[in-house]
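The data block below is run.cif; it holds mmCIF, C-alpha atoms (C1' of nucleotides).
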data_run
loop_
_atom_site.group_PDB
_atom_site.id
_atom_site.type_symbol
_atom_site.label_atom_id
_atom_site.label_comp_id
_atom_site.auth_asym_id
_atom_site.auth_seq_id
_atom_site.Cartn_x
_atom_site.Cartn_y
_atom_site.Cartn_z
ATOM 1 C CA MET K 1 98.879 -112.660 197.072
ATOM 2 C CA GLU K 2 96.146 -111.905 194.646
ATOM 3 C CA LYS K 3 95.989 -108.361 193.326
ATOM 4 C CA VAL K 4 92.450 -107.387 192.418
ATOM 5 C CA THR K 5 91.832 -103.839 191.287
ATOM 6 C CA ARG K 6 88.900 -101.812 192.504
ATOM 7 C CA ASP K 7 87.555 -101.644 188.965
ATOM 8 C CA GLU K 8 87.675 -105.407 188.721
ATOM 9 C CA VAL K 9 85.805 -105.824 191.995
ATOM 10 C CA LEU K 10 83.187 -103.325 190.850
ATOM 11 C CA ARG K 11 82.840 -105.180 187.583
ATOM 12 C CA LEU K 12 82.334 -108.541 189.277
ATOM 13 C CA HIS K 13 80.026 -106.995 191.855
ATOM 14 C CA ALA K 14 77.930 -105.575 189.027
ATOM 15 C CA GLN K 15 77.891 -108.938 187.292
ATOM 16 C CA ILE K 16 76.408 -110.576 190.372
ATOM 17 C CA CYS K 17 73.708 -107.917 190.413
ATOM 18 C CA LYS K 18 73.125 -108.434 186.710
ATOM 19 C CA ALA K 19 72.643 -112.148 187.267
ATOM 20 C CA LEU K 20 69.803 -111.268 189.632
ATOM 21 C CA ALA K 21 68.343 -108.645 187.319
ATOM 22 C CA ASP K 22 65.837 -110.830 185.524
ATOM 23 C CA PRO K 23 62.311 -111.796 186.582
ATOM 24 C CA SER K 24 62.728 -115.461 185.639
ATOM 25 C CA ARG K 25 66.001 -115.768 187.515
ATOM 26 C CA LEU K 26 64.565 -114.091 190.605
ATOM 27 C CA TRP K 27 61.686 -116.507 190.444
ATOM 28 C CA ILE K 28 64.113 -119.414 190.226
ATOM 29 C CA ILE K 29 65.877 -118.138 193.340
ATOM 30 C CA VAL K 30 62.563 -117.926 195.152
ATOM 31 C CA GLU K 31 61.786 -121.495 194.133
ATOM 32 C CA LEU K 32 65.155 -122.653 195.443
ATOM 33 C CA ARG K 33 64.807 -120.911 198.786
ATOM 34 C CA HIS K 34 63.644 -123.918 200.764
ATOM 35 C CA ARG K 35 64.656 -126.931 198.722
ATOM 36 C CA SER K 36 66.730 -127.948 195.745
ATOM 37 C CA ARG K 37 64.921 -128.548 192.467
ATOM 38 C CA THR K 38 65.631 -130.209 189.155
ATOM 39 C CA VAL K 39 65.704 -128.273 185.908
ATOM 40 C CA GLY K 40 62.389 -129.772 184.849
ATOM 41 C CA ASP K 41 60.784 -128.789 188.151
ATOM 42 C CA LEU K 42 61.993 -125.234 187.793
ATOM 43 C CA SER K 43 61.005 -125.077 184.158
ATOM 44 C CA ARG K 44 57.435 -126.027 185.055
ATOM 45 C CA ALA K 45 57.379 -123.806 188.142
ATOM 46 C CA ILE K 46 58.358 -120.626 186.354
ATOM 47 C CA GLY K 47 56.606 -121.445 183.102
ATOM 48 C CA ALA K 48 59.666 -121.196 180.876
ATOM 49 C CA SER K 49 61.015 -123.608 178.278
ATOM 50 C CA GLN K 50 63.604 -126.157 179.339
ATOM 51 C CA PRO K 51 66.420 -124.573 177.300
ATOM 52 C CA MET K 52 65.629 -121.102 178.642
ATOM 53 C CA THR K 53 65.531 -122.400 182.209
ATOM 54 C CA SER K 54 68.826 -124.174 181.719
ATOM 55 C CA ARG K 55 70.321 -121.011 180.307
ATOM 56 C CA HIS K 56 69.144 -118.919 183.266
ATOM 57 C CA LEU K 57 70.558 -121.510 185.629
ATOM 58 C CA ALA K 58 73.861 -121.351 183.774
ATOM 59 C CA VAL K 59 74.007 -117.591 184.347
ATOM 60 C CA LEU K 60 73.326 -117.999 188.063
ATOM 61 C CA ARG K 61 75.826 -120.840 188.252
ATOM 62 C CA GLU K 62 78.607 -118.931 186.529
ATOM 63 C CA LYS K 63 78.221 -116.162 189.083
ATOM 64 C CA GLY K 64 78.325 -118.620 191.965
ATOM 65 C CA ILE K 65 74.780 -117.875 193.087
ATOM 66 C CA VAL K 66 73.525 -121.375 192.505
ATOM 67 C CA GLN K 67 75.176 -124.785 192.475
ATOM 68 C CA ALA K 68 74.452 -127.963 190.538
ATOM 69 C CA GLU K 69 74.551 -131.540 191.735
ATOM 70 C CA ARG K 70 73.869 -134.755 189.852
ATOM 71 C CA ASP K 71 70.983 -136.900 191.049
ATOM 72 C CA GLY K 72 70.641 -139.884 188.782
ATOM 73 C CA SER K 73 69.870 -138.561 185.350
ATOM 74 C CA PHE K 74 68.613 -135.304 186.888
ATOM 75 C CA VAL K 75 70.540 -132.263 187.967
ATOM 76 C CA ARG K 76 69.443 -130.696 191.212
ATOM 77 C CA TYR K 77 70.083 -127.008 191.736
ATOM 78 C CA SER K 78 70.316 -125.195 195.059
ATOM 79 C CA VAL K 79 71.331 -121.785 196.371
ATOM 80 C CA ALA K 80 75.095 -121.658 196.849
ATOM 81 C CA ASP K 81 75.296 -118.722 199.248
ATOM 82 C CA ARG K 82 72.252 -117.936 201.324
ATOM 83 C CA ARG K 83 73.350 -114.354 201.830
ATOM 84 C CA VAL K 84 72.045 -113.828 198.312
ATOM 85 C CA LEU K 85 68.585 -114.677 199.619
ATOM 86 C CA THR K 86 68.944 -112.026 202.307
ATOM 87 C CA ALA K 87 70.053 -109.456 199.762
ATOM 88 C CA VAL K 88 67.166 -110.299 197.454
ATOM 89 C CA ASP K 89 64.766 -110.044 200.393
ATOM 90 C CA LEU K 90 66.103 -106.623 201.299
ATOM 91 C CA LEU K 91 65.624 -105.344 197.777
ATOM 92 C CA LEU K 92 62.112 -106.747 197.768
ATOM 93 C CA ASP K 93 61.488 -104.887 201.027
ATOM 94 C CA VAL K 94 62.682 -101.706 199.365
ATOM 95 C CA LEU K 95 60.259 -102.291 196.520
ATOM 96 C CA THR K 96 57.411 -103.100 198.888
ATOM 97 C CA THR K 97 58.022 -99.876 200.762
ATOM 98 C CA GLN K 98 57.915 -97.962 197.501
ATOM 99 C CA LEU K 99 54.695 -99.623 196.423
ATOM 100 C CA ALA K 100 53.088 -98.996 199.791
ATOM 101 C CA ARG K 101 54.150 -95.369 199.743
ATOM 102 C CA GLN K 102 53.095 -94.519 196.235
ATOM 103 C CA GLY K 103 50.053 -96.726 195.983
ATOM 104 C CA ALA K 104 48.586 -96.712 192.530
ATOM 105 C CA ARG K 105 50.877 -94.012 191.175
ATOM 106 C CA SER K 106 53.041 -95.030 188.242
ATOM 107 C CA THR K 107 56.601 -96.002 189.111
ATOM 108 C CA ALA K 108 57.804 -94.405 185.897
ATOM 109 C CA ALA K 109 56.521 -91.085 187.174
ATOM 110 C CA ARG K 110 59.582 -90.759 189.378
ATOM 111 C CA ARG K 111 61.193 -88.147 187.113
ATOM 112 C CA LEU K 112 63.331 -85.334 188.358
ATOM 113 C CA ARG K 113 61.220 -82.273 187.891
ATOM 114 C CA PRO K 114 58.310 -83.323 190.098
ATOM 115 C CA ALA K 115 60.738 -84.575 192.729
ATOM 116 C CA LEU K 116 62.486 -81.238 192.899
ATOM 117 C CA ARG K 117 59.326 -79.192 192.645
ATOM 118 C CA SER K 118 58.030 -80.799 195.787
ATOM 119 C CA ALA K 119 61.057 -79.498 197.680
ATOM 120 C CA MET N 1 43.335 -102.167 197.736
ATOM 121 C CA GLU N 2 46.035 -102.293 195.165
ATOM 122 C CA LYS N 3 46.193 -105.433 193.054
ATOM 123 C CA VAL N 4 49.754 -106.155 192.006
ATOM 124 C CA THR N 5 50.403 -109.392 190.168
ATOM 125 C CA ARG N 6 53.331 -111.620 191.044
ATOM 126 C CA ASP N 7 54.773 -111.087 187.584
ATOM 127 C CA GLU N 8 54.645 -107.357 188.070
ATOM 128 C CA VAL N 9 56.434 -107.566 191.417
ATOM 129 C CA LEU N 10 59.091 -109.803 189.867
ATOM 130 C CA ARG N 11 59.521 -107.347 187.030
ATOM 131 C CA LEU N 12 59.961 -104.375 189.358
ATOM 132 C CA HIS N 13 62.199 -106.384 191.654
ATOM 133 C CA ALA N 14 64.385 -107.245 188.683
ATOM 134 C CA GLN N 15 64.467 -103.608 187.619
ATOM 135 C CA ILE N 16 65.853 -102.594 190.992
ATOM 136 C CA CYS N 17 68.556 -105.217 190.599
ATOM 137 C CA LYS N 18 69.232 -103.999 187.082
ATOM 138 C CA ALA N 19 69.709 -100.476 188.361
ATOM 139 C CA LEU N 20 72.473 -101.803 190.593
ATOM 140 C CA ALA N 21 74.004 -103.935 187.861
ATOM 141 C CA ASP N 22 76.557 -101.438 186.596
ATOM 142 C CA PRO N 23 80.054 -100.719 187.930
ATOM 143 C CA SER N 24 79.648 -96.942 187.701
ATOM 144 C CA ARG N 25 76.323 -96.999 189.497
ATOM 145 C CA LEU N 26 77.673 -99.242 192.244
ATOM 146 C CA TRP N 27 80.565 -96.859 192.634
ATOM 147 C CA ILE N 28 78.139 -93.961 192.902
ATOM 148 C CA ILE N 29 76.286 -95.782 195.665
ATOM 149 C CA VAL N 30 79.546 -96.346 197.493
ATOM 150 C CA GLU N 31 80.336 -92.639 197.203
ATOM 151 C CA LEU N 32 76.928 -91.768 198.599
ATOM 152 C CA ARG N 33 77.172 -94.114 201.555
ATOM 153 C CA HIS N 34 78.266 -91.521 204.099
ATOM 154 C CA ARG N 35 77.314 -88.188 202.640
ATOM 155 C CA SER N 36 75.342 -86.614 199.839
ATOM 156 C CA ARG N 37 77.224 -85.425 196.772
ATOM 157 C CA THR N 38 76.602 -83.171 193.818
ATOM 158 C CA VAL N 39 76.639 -84.455 190.259
ATOM 159 C CA GLY N 40 79.967 -82.770 189.602
ATOM 160 C CA ASP N 41 81.498 -84.370 192.688
ATOM 161 C CA LEU N 42 80.316 -87.787 191.645
ATOM 162 C CA SER N 43 81.398 -87.264 188.074
ATOM 163 C CA ARG N 44 84.935 -86.507 189.197
ATOM 164 C CA ALA N 45 84.922 -89.261 191.831
ATOM 165 C CA ILE N 46 84.002 -92.055 189.458
ATOM 166 C CA GLY N 47 85.828 -90.639 186.456
ATOM 167 C CA ALA N 48 82.831 -90.481 184.162
ATOM 168 C CA SER N 49 81.548 -87.636 182.017
ATOM 169 C CA GLN N 50 78.955 -85.281 183.479
ATOM 170 C CA PRO N 51 76.193 -86.426 181.109
ATOM 171 C CA MET N 52 76.926 -90.074 181.792
ATOM 172 C CA THR N 53 76.946 -89.483 185.534
ATOM 173 C CA SER N 54 73.666 -87.630 185.335
ATOM 174 C CA ARG N 55 72.187 -90.445 183.327
ATOM 175 C CA HIS N 56 73.306 -93.084 185.827
ATOM 176 C CA LEU N 57 71.821 -90.985 188.603
ATOM 177 C CA ALA N 58 68.569 -90.783 186.676
ATOM 178 C CA VAL N 59 68.416 -94.578 186.501
ATOM 179 C CA LEU N 60 68.988 -94.906 190.236
ATOM 180 C CA ARG N 61 66.487 -92.146 190.900
ATOM 181 C CA GLU N 62 63.750 -93.675 188.774
ATOM 182 C CA LYS N 63 64.075 -96.913 190.752
ATOM 183 C CA GLY N 64 63.883 -95.034 194.045
ATOM 184 C CA ILE N 65 67.393 -95.996 195.117
ATOM 185 C CA VAL N 66 68.643 -92.447 195.235
ATOM 186 C CA GLN N 67 66.994 -89.093 195.816
ATOM 187 C CA ALA N 68 67.753 -85.596 194.525
ATOM 188 C CA GLU N 69 67.623 -82.326 196.410
ATOM 189 C CA ARG N 70 68.350 -78.814 195.197
ATOM 190 C CA ASP N 71 71.227 -76.962 196.837
ATOM 191 C CA GLY N 72 71.667 -73.592 195.206
ATOM 192 C CA SER N 73 72.502 -74.235 191.602
ATOM 193 C CA PHE N 74 73.692 -77.729 192.481
ATOM 194 C CA VAL N 75 71.730 -80.918 192.925
ATOM 195 C CA ARG N 76 72.745 -83.075 195.845
ATOM 196 C CA TYR N 77 72.098 -86.797 195.637
ATOM 197 C CA SER N 78 71.778 -89.190 198.550
ATOM 198 C CA VAL N 79 70.733 -92.790 199.169
ATOM 199 C CA ALA N 80 66.953 -92.993 199.512
ATOM 200 C CA ASP N 81 66.688 -96.332 201.290
ATOM 201 C CA ARG N 82 69.671 -97.506 203.277
ATOM 202 C CA ARG N 83 68.565 -101.124 203.047
ATOM 203 C CA VAL N 84 69.977 -100.949 199.534
ATOM 204 C CA LEU N 85 73.393 -100.390 201.082
ATOM 205 C CA THR N 86 72.971 -103.508 203.190
ATOM 206 C CA ALA N 87 71.935 -105.532 200.166
ATOM 207 C CA VAL N 88 74.889 -104.269 198.150
ATOM 208 C CA ASP N 89 77.210 -105.085 201.038
ATOM 209 C CA LEU N 90 75.858 -108.609 201.232
ATOM 210 C CA LEU N 91 76.441 -109.193 197.554
ATOM 211 C CA LEU N 92 79.954 -107.836 197.913
ATOM 212 C CA ASP N 93 80.487 -110.293 200.759
ATOM 213 C CA VAL N 94 79.335 -113.078 198.490
ATOM 214 C CA LEU N 95 81.833 -111.973 195.874
ATOM 215 C CA THR N 96 84.626 -111.655 198.429
ATOM 216 C CA THR N 97 83.964 -115.178 199.639
ATOM 217 C CA GLN N 98 84.155 -116.439 196.076
ATOM 218 C CA LEU N 99 87.416 -114.607 195.423
ATOM 219 C CA ALA N 100 88.925 -115.895 198.648
ATOM 220 C CA ARG N 101 87.852 -119.434 197.863
ATOM 221 C CA GLN N 102 88.982 -119.599 194.308
ATOM 222 C CA GLY N 103 92.051 -117.422 194.547
ATOM 223 C CA ALA N 104 93.617 -116.815 191.176
ATOM 224 C CA ARG N 105 91.336 -119.182 189.281
ATOM 225 C CA SER N 106 89.253 -117.607 186.550
ATOM 226 C CA THR N 107 85.670 -116.806 187.482
ATOM 227 C CA ALA N 108 84.556 -117.824 184.020
ATOM 228 C CA ALA N 109 85.851 -121.317 184.705
ATOM 229 C CA ARG N 110 82.710 -122.021 186.715
ATOM 230 C CA ARG N 111 81.205 -124.168 183.960
ATOM 231 C CA LEU N 112 79.019 -127.156 184.557
ATOM 232 C CA ARG N 113 81.093 -130.113 183.510
ATOM 233 C CA PRO N 114 83.939 -129.575 185.976
ATOM 234 C CA ALA N 115 81.466 -128.895 188.744
ATOM 235 C CA LEU N 116 79.668 -132.139 188.132
ATOM 236 C CA ARG N 117 82.801 -134.161 187.520
ATOM 237 C CA SER N 118 84.026 -133.308 190.988
ATOM 238 C CA ALA N 119 80.961 -134.982 192.483
ATOM 239 C "C1'" DC D 1 74.899 -151.796 172.698
ATOM 240 C "C1'" DG D 2 71.278 -149.000 171.374
ATOM 241 C "C1'" DC D 3 67.272 -146.170 173.072
ATOM 242 C "C1'" DG D 4 64.997 -142.629 175.505
ATOM 243 C "C1'" DG D 5 64.827 -139.060 178.881
ATOM 244 C "C1'" DA D 6 67.077 -135.052 181.132
ATOM 245 C "C1'" DC D 7 69.871 -131.443 180.523
ATOM 246 C "C1'" DA D 8 73.203 -128.284 178.092
ATOM 247 C "C1'" DT D 9 74.727 -125.635 174.268
ATOM 248 C "C1'" DA D 10 74.904 -123.291 169.322
ATOM 249 C "C1'" DC D 11 72.755 -120.066 166.325
ATOM 250 C "C1'" DG D 12 69.959 -116.214 164.947
ATOM 251 C "C1'" DC D 13 66.664 -112.568 165.635
ATOM 252 C "C1'" DG D 14 64.422 -108.689 167.902
ATOM 253 C "C1'" DC D 15 64.776 -105.468 171.398
ATOM 254 C "C1'" DA D 16 66.555 -102.883 175.173
ATOM 255 C "C1'" DT D 17 70.540 -100.634 176.978
ATOM 256 C "C1'" DC D 18 75.088 -98.112 177.049
ATOM 257 C "C1'" DC D 19 77.908 -94.372 175.660
ATOM 258 C "C1'" DG D 20 79.777 -90.144 173.347
ATOM 259 C "C1'" DC D 21 78.386 -85.986 171.552
ATOM 260 C "C1'" DA D 22 75.619 -82.105 171.050
ATOM 261 C "C1'" DT D 23 72.089 -79.389 172.965
ATOM 262 C "C1'" DA D 24 68.358 -77.881 176.080
ATOM 263 C "C1'" DT D 25 66.801 -76.364 180.727
ATOM 264 C "C1'" DG D 26 67.054 -73.915 184.858
ATOM 265 C "C1'" DG D 27 68.818 -71.315 188.716
ATOM 266 C "C1'" DG D 28 72.007 -67.572 190.508
ATOM 267 C "C1'" DC D 29 74.019 -63.257 189.849
ATOM 268 C "C1'" DA D 30 75.586 -58.809 187.784
ATOM 269 C "C1'" DT E 1 67.323 -59.019 181.460
ATOM 270 C "C1'" DG E 2 71.231 -61.529 179.974
ATOM 271 C "C1'" DC E 3 75.165 -64.413 180.948
ATOM 272 C "C1'" DC E 4 77.284 -68.394 183.102
ATOM 273 C "C1'" DC E 5 77.520 -72.513 185.519
ATOM 274 C "C1'" DA E 6 75.443 -76.943 186.925
ATOM 275 C "C1'" DT E 7 72.592 -80.370 185.389
ATOM 276 C "C1'" DA E 8 69.444 -82.857 182.337
ATOM 277 C "C1'" DT E 9 68.014 -84.705 177.956
ATOM 278 C "C1'" DG E 10 67.866 -86.004 172.724
ATOM 279 C "C1'" DC E 11 70.117 -88.653 169.185
ATOM 280 C "C1'" DG E 12 72.586 -92.315 166.699
ATOM 281 C "C1'" DG E 13 75.740 -96.152 166.528
ATOM 282 C "C1'" DA E 14 77.315 -100.145 168.815
ATOM 283 C "C1'" DT E 15 76.790 -103.676 172.104
ATOM 284 C "C1'" DG E 16 74.406 -107.009 174.994
ATOM 285 C "C1'" DC E 17 70.568 -109.855 176.476
ATOM 286 C "C1'" DG E 18 66.308 -112.684 176.367
ATOM 287 C "C1'" DC E 19 64.189 -116.093 173.763
ATOM 288 C "C1'" DG E 20 62.787 -119.804 170.316
ATOM 289 C "C1'" DT E 21 64.470 -123.534 167.608
ATOM 290 C "C1'" DA E 22 67.539 -127.087 166.651
ATOM 291 C "C1'" DT E 23 71.080 -130.050 168.136
ATOM 292 C "C1'" DG E 24 74.671 -132.076 171.191
ATOM 293 C "C1'" DT E 25 75.949 -134.717 175.568
ATOM 294 C "C1'" DC E 26 75.353 -137.566 179.434
ATOM 295 C "C1'" DC E 27 73.027 -141.089 182.065
ATOM 296 C "C1'" DG E 28 70.311 -145.164 183.174
ATOM 297 C "C1'" DC E 29 68.062 -149.055 181.451
ATOM 298 C "C1'" DG E 30 66.499 -152.850 178.710
#

As structure tokens, what does this structure read like?
Amino acid sequence: MEKVTRDEVLRLHAQICKALADPSRLWIIVELRHRSRTVGDLSRAIGASQPMTSRHLAVLREKGIVQAERDGSFVRYSVADRRVLTAVDLLLDVLTTQLARQGARSTAARRLRPALRSA
Amino acid sequence: MEKVTRDEVLRLHAQICKALADPSRLWIIVELRHRSRTVGDLSRAIGASQPMTSRHLAVLREKGIVQAERDGSFVRYSVADRRVLTAVDLLLDVLTTQLARQGARSTAARRLRPALRSA
DNA sequence: CGCGGACATACGCGCATCCGCATATGGGCA
DNA sequence: TGCCCATATGCGGATGCGCGTATGTCCGCG
């Protein structure tokens, strides 16, 4: 039996979140939602250099979020576990709710004092 | 109407993910799942210093993941949007699946060459 | 067998973030 | 009002991450 400590699980859990915590990588995930794409496709889609795109894909791959598959001289990437898409959607919903609620107000304005004053 | 660019949404979306991308903060969220807690409670629960705990809470608060409420001289924190809990659970499921599948093998071993060789 | 295209990786820099430590703020109570 | 407890914030050193540039590796093809 494998013994995995709670700290280790938390660390890995956080690493998965960290892999998602980048605008380019989120965009890549969005691009991969419906079909697999090659590195060049993704690079053009998200407007990043080929090396940078490859690097982002490596991060997602190492965390098991995305998987690679050879297709001739290309490499096609696809989402490895679609539950990640659901999770990303949920977090986007959370953001959308926030934006709808606070309208034009600055997100950075969410400091403590005003929050507590209102109570 | 509010005009929010796609880049801006991606940036904010990534920031929410980034707020979750820390073992201590994930642990805090777990602690807040069923009931609200004071800073001192959380500090003791996760084994972090009071200033560090407060700082983590500030990060979660600024991203709207957690909310603060005065209770006497204490401040009670609770989860602001429970969809975050669902998202975190999903990502934990993803991790659990990976751990179950790969057993004792190192997570870092998920490099490209082996993956492609197997195809 | 050598060439070119597609992709991955190494290196270095600039910048943001994390953490411990010290200190400030703010509310309750004598 | 002044003290104490709970919490928040400022600061500095160390670490990590995103990114551009240059180079390595693999594949298919002539």

Write out as an MDAnalysis selection string every residue belonging to chain K that has an atom at most 6 Å from any atom of chain N, counting only C-alpha atoms.
chainID K and resid 10:11 14 17:18 21:23 62 87 110

How about saving the chosen residues, C-alpha atoms kept, as a CSV table (one decimal), in the frame of the given file?
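The resulting out28.csv:
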chain,number,residue,atom,x,y,z
K,10,LEU,CA,83.2,-103.3,190.8
K,11,ARG,CA,82.8,-105.2,187.6
K,14,ALA,CA,77.9,-105.6,189.0
K,17,CYS,CA,73.7,-107.9,190.4
K,18,LYS,CA,73.1,-108.4,186.7
K,21,ALA,CA,68.3,-108.6,187.3
K,22,ASP,CA,65.8,-110.8,185.5
K,23,PRO,CA,62.3,-111.8,186.6
K,62,GLU,CA,78.6,-118.9,186.5
K,87,ALA,CA,70.1,-109.5,199.8
K,110,ARG,CA,59.6,-90.8,189.4

I'd like a table as JSON lines: residues in chain D with an atom no more than 9 Å from chain N, each row giving the shortest atom pair and its distance in Å to one decimal, all atoms listed in the file counted, sorted by chain and rising residue number.
{"residue": "D:DA8", "atom": "C1'", "partner": "N:Leu112", "partner_atom": "CA", "distance": 8.8}
{"residue": "D:DC19", "atom": "C1'", "partner": "N:Met52", "partner_atom": "CA", "distance": 7.6}
{"residue": "D:DG20", "atom": "C1'", "partner": "N:Met52", "partner_atom": "CA", "distance": 8.9}
{"residue": "D:DG26", "atom": "C1'", "partner": "N:Ser73", "partner_atom": "CA", "distance": 8.7}
{"residue": "D:DG27", "atom": "C1'", "partner": "N:Ser73", "partner_atom": "CA", "distance": 5.5}
{"residue": "D:DG28", "atom": "C1'", "partner": "N:Ser73", "partner_atom": "CA", "distance": 6.8}

Would you save the residues of that selection, restricted to C-alpha atoms (C1' of nucleotides), as a PDB file, in the coordinates of the input?
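Here's the written file out.pdb:
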ATOM      1  C1'  DA D   8      73.203-128.284 178.092  1.00  0.00           C
ATOM      2  C1'  DC D  19      77.908 -94.372 175.660  1.00  0.00           C
ATOM      3  C1'  DG D  20      79.777 -90.144 173.347  1.00  0.00           C
ATOM      4  C1'  DG D  26      67.054 -73.915 184.858  1.00  0.00           C
ATOM      5  C1'  DG D  27      68.818 -71.315 188.716  1.00  0.00           C
ATOM      6  C1'  DG D  28      72.007 -67.572 190.508  1.00  0.00           C
TER       7       DG D  28
END

Selection in question (the file shown): the PyMOL selection byres ((chain E) within 10 of (chain N)). Which residues does it include, as an MDAnalysis selection string?
chainID E and resid 5:9

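The spacing separating CA of Val66 in chain N from CA of Ser78 in chain N amounts to 5.6 Å.
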
Resolved residues for the PyMOL selection byres ((chain E and resi 21-29) around 10) as an NGL selection string:
(:K and (51 or 72-74)) or (:D and (3-12)) or (:E and (19-20 or 30))

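C1' of DC15 in chain D sits 8.9 Å away from C1' of DC17 in chain E.
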
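Between CA of Glu31 in chain N and CA of Gln102 in chain K the separation is 27.3 Å.
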
Expected selection from the PyMOL selection byres ((chain E and resi 13) around 12), given as a ChimeraX atom specification
/D:18-21 /E:11-12,14-15
